[in-house]
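Below is one structure, written out as structure tokens; comments come after it.
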Amino acid sequence: MLEFHLAETELFAAARTLDPHLEGLARFLPATAPGAVDPAHLLAVEAECRRDRLALLDATDRAYRERGPGRAYAAWLSAARPAELICTRKGDRSLDEVHRHIVRDSVQWLTLWLAGYRPDPLWHALAKAVALLAVLDDIVVPPQDVANGVHRLGGESLAEVLDRVKALGGDRDPRWLAEAHRETLFSARVQFHEKWSAAAPGLAPPEGLDAIQAYVREPDALRASILRTYAAETLPVLHLIAYYYRLPYDDHDRAAFLAAAVAQTLGMDISKDQYGIGVKEVTNFGVRPTRPAPETARRRTAIHHTFLRLTARFRDATDLPTLVYDRYSRVSLSYARLVDRYLERRRMTRLPMSAPLSALVDEVLTTRG
């Protein structure tokens with residue numbers, strides 16, 4: 001498996017001339033390798049972004065409860081058939097189909113994050129936990145349903161799966177799991193408000209409360225990347241990975257942790273952009289029909305520069321936590337080549353699963369505590 005690191009493009013000159021996707025990607029690299037992002041600056045910017053996003057979420061919550069479009073959307077949601085809640089656009093006809101495919105995606109992601117598949121109950125439980133997080137991108141789920149356990153996958157809520165992870169984890173520090181749960185509740189609010197922002201006229205939020213535009217209009221690449229990360233849920237996933245690897249909780253490097261999570265999001269977007277996946281989506285940072293070409297080039301370069309500044313935190317890594325963060329931050333560059341979810345996005349249709357993969361998906365999905 002080739003994990004292509006952006007900082008190493010000059011080592012693959014022949015591949016660059018033969019692969020137009022790779023050549024196009026390399027065009028937006030900065031001329032010199034940027035220095036690592038300053039840890040204090042990263043933490044300060046993230047704290048500001050979180051404060052701003054929470055203020056927007058609180059204002060949007062009030063509008064959802066008290067204003068006409070919010071009440072109309074809530075009425076639509078209460079009457080919607082399960083198939084109407086699906087956002088995948090890949091021909092899924094039921095939530096069961098979506099659930100099987102998100103478990104498949106989670107199995108493939110976890111195999112990349114943890115450097116291989118492990119046939120043990122803890123690994124399987126983590127895969128199901130990841131699926132419960134990631135499926136919030138594929139269906140409309142009110143955040144209170146995540147908090148109170150109504151949101152379920154394979155008969156289990158997120159809290160129940162995390163309890164099973166804790167029971168299987170032995171002497172691992174459970175505070176990682178508590179943080180994963182709290183961060184997921186935050187991400188669930190972001191995901192739901194983005195879904196509401198994409199609703200039809202008459203159902204969408206009032207002007208000024210569009211969660212998607214709040215991200216798209218952000219001119220600063222680092223801030224935009226952090227805001228994007230809140231919806232991508234790479235932070236709670238990294239909490240689960242830290243738990244799996246028994247990383248220290250009390251003295252972990254918060255700035256490195258955050259850098260890895262944001263870089264994971266950017267690597268995913270860079271990988272998708274390389275293959276033209278999601279180019280018509282408003283959150284795509286690559287080509288958009290309404291964006292002038294020079295602006296597209298500037299934005300791509302800024303995103304690549306930000307990615308390299310974040311991953312530079314892990315240059316010359318030797319200790320286990322830094323190696324874990326480094327792998328997590330960079331492996332998403334391989335998604336568009338390896339993970340079925342993104343291969344399907346290129347075709348906008350589902351792909352068949354192999355018999356071994358299908359059996360593993362069924363086992364992860366149906367196992368309960």
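By order of appearance in the structure tokens: chains A, B, ..., then residues from 1 within every chain, and ligands from 1 in the order shown.
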Handout entry: strand (DSSP E) per DSSP on the backbone: members of region 42-160 of chain A, as a PyMOL selection string
Key = chain A and resi 152-153+156-157
Exercise for the section: Write out as number ranges by chain each polymer residue whose atoms come within 12 Å of Leu77 (chain A), counting only C-alpha atoms; drop sequence neighbours fewer than 3 positions from it. Expected result: A: 70-74, 80-86, 139-142, 192, 195-196, 199, 203
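Atom pair CA of Gln274 (chain A) / CA of Ala336 (chain A): separated by 8.1 Å.
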Exercise for the section: Excluding Ala115 (chain A) and residues on its chain fewer than 5 positions from it, collect all residues at most 10 Å away from it, counting only C-alpha atoms, and give them as a list in words. Expected result: Trp109, Leu110, Val324, Arg327, Tyr328 and Val331 of chain A
Problem - Test item: residues at most 9 Å from region 34-44 of chain A, only C-alpha atoms, excluding those fewer than 4 positions along its chain, as a VMD selection string - result: chain A and resid 30 48 to 49 222 254 to 256 258 to 259 305 to 306 308 to 315
Go ahead and save the residues from that selection, with C-alpha atoms, as a PDB file, in the first residue's frame.
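See result.pdb below for the written result:
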```pdb
ATOM      1  CA  PRO A  30       4.329  25.716  -1.752  1.00  0.00           C
ATOM      2  CA  GLU A  48     -11.927  30.963  19.227  1.00  0.00           C
ATOM      3  CA  CYS A  49     -13.477  28.792  16.491  1.00  0.00           C
ATOM      4  CA  LEU A 222      -6.662  27.442   9.321  1.00  0.00           C
ATOM      5  CA  ARG A 254      -3.252  18.761  22.995  1.00  0.00           C
ATOM      6  CA  ALA A 255      -1.805  20.838  20.150  1.00  0.00           C
ATOM      7  CA  ALA A 256      -0.389  17.749  18.413  1.00  0.00           C
ATOM      8  CA  LEU A 258      -5.613  18.811  17.374  1.00  0.00           C
ATOM      9  CA  ALA A 259      -3.119  19.162  14.518  1.00  0.00           C
ATOM     10  CA  HIS A 305       0.070  24.826   2.982  1.00  0.00           C
ATOM     11  CA  THR A 306      -2.069  24.422   6.104  1.00  0.00           C
ATOM     12  CA  LEU A 308       1.895  20.700   5.612  1.00  0.00           C
ATOM     13  CA  ARG A 309       2.183  23.096   8.567  1.00  0.00           C
ATOM     14  CA  LEU A 310       0.032  20.778  10.676  1.00  0.00           C
ATOM     15  CA  THR A 311       1.856  17.584   9.720  1.00  0.00           C
ATOM     16  CA  ALA A 312       5.226  19.260  10.215  1.00  0.00           C
ATOM     17  CA  ARG A 313       4.488  18.951  13.953  1.00  0.00           C
ATOM     18  CA  PHE A 314       5.276  15.249  13.554  1.00  0.00           C
ATOM     19  CA  ARG A 315       8.488  15.483  11.554  1.00  0.00           C
TER      20      ARG A 315
END
```
Practice task
Check region 26-92 of chain A with DSSP on the backbone and list each residue it calls alpha helix (DSSP H), as a PyMOL selection string.
Solution key: chain A and resi 26+39-66+68-79
Problem - Atom pair CA of Ile102 (chain A) / CA of Cys87 (chain A): separation (Å) - result: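 It comes out at 12.5 Å.
Closest approach to Thr184 (chain A) among A:Lys166, A:Arg223, A:His239, A:Arg217: A:His239, based on only C-alpha atoms.
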Exercise for the section: Write out as a list in words each polymer residue whose atoms come within 10 Å of region 338-350 of chain A, counting only C-alpha atoms; drop sequence neighbours fewer than 5 positions from it. Expected result: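 Result of the neighbour search: Met1, Leu2, Thr88, Arg89, Lys90, Gly91, Asp92, His101, Ile102, Arg104, Asp105, Ser106, Val107, Gln108, Trp109, Leu112, Met268, Ser271, Lys272, Tyr275, Gly276, Ile277, Gly278, Ser332 and Leu333 of chain A.
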Problem - Non-local contacts of region 117-124 of chain A (12 Å; only C-alpha atoms; under 4 positions in same chain excluded) as a PyMOL selection string - result: chain A and resi 103-104+106-113+128-131+161-170+172+240-241+243-245+357+360-369
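Note that the spacing between CA of His252 (chain A) and CA of Trp176 (chain A) amounts to 11.0 Å.
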Exercise for the section: Select, from A:Arg246, A:Arg299, A:Arg189, A:Arg182, the residue with the minimum atom-to-atom distance to Pro321 (chain A), counting only C-alpha atoms. Expected result: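 Using only C-alpha atoms, Pro321 (chain A) sits closest to A:Arg246.
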Problem - Option closest in space to Ala147 (chain A), from A:Leu320, A:Ala79, A:Ala221, A:Ala188 [counting only C-alpha atoms] - result: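 So, comparing all the options, the nearest one is A:Ala188.
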Exercise for the section: Point out the residue among A:Asp319, A:Glu183, A:Asp173, A:Glu194 with the least atom-to-atom distance to Thr60 (chain A), counting only C-alpha atoms. Expected result: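 The shortest atom-to-atom distance to Thr60 (chain A) comes from A:Glu194.
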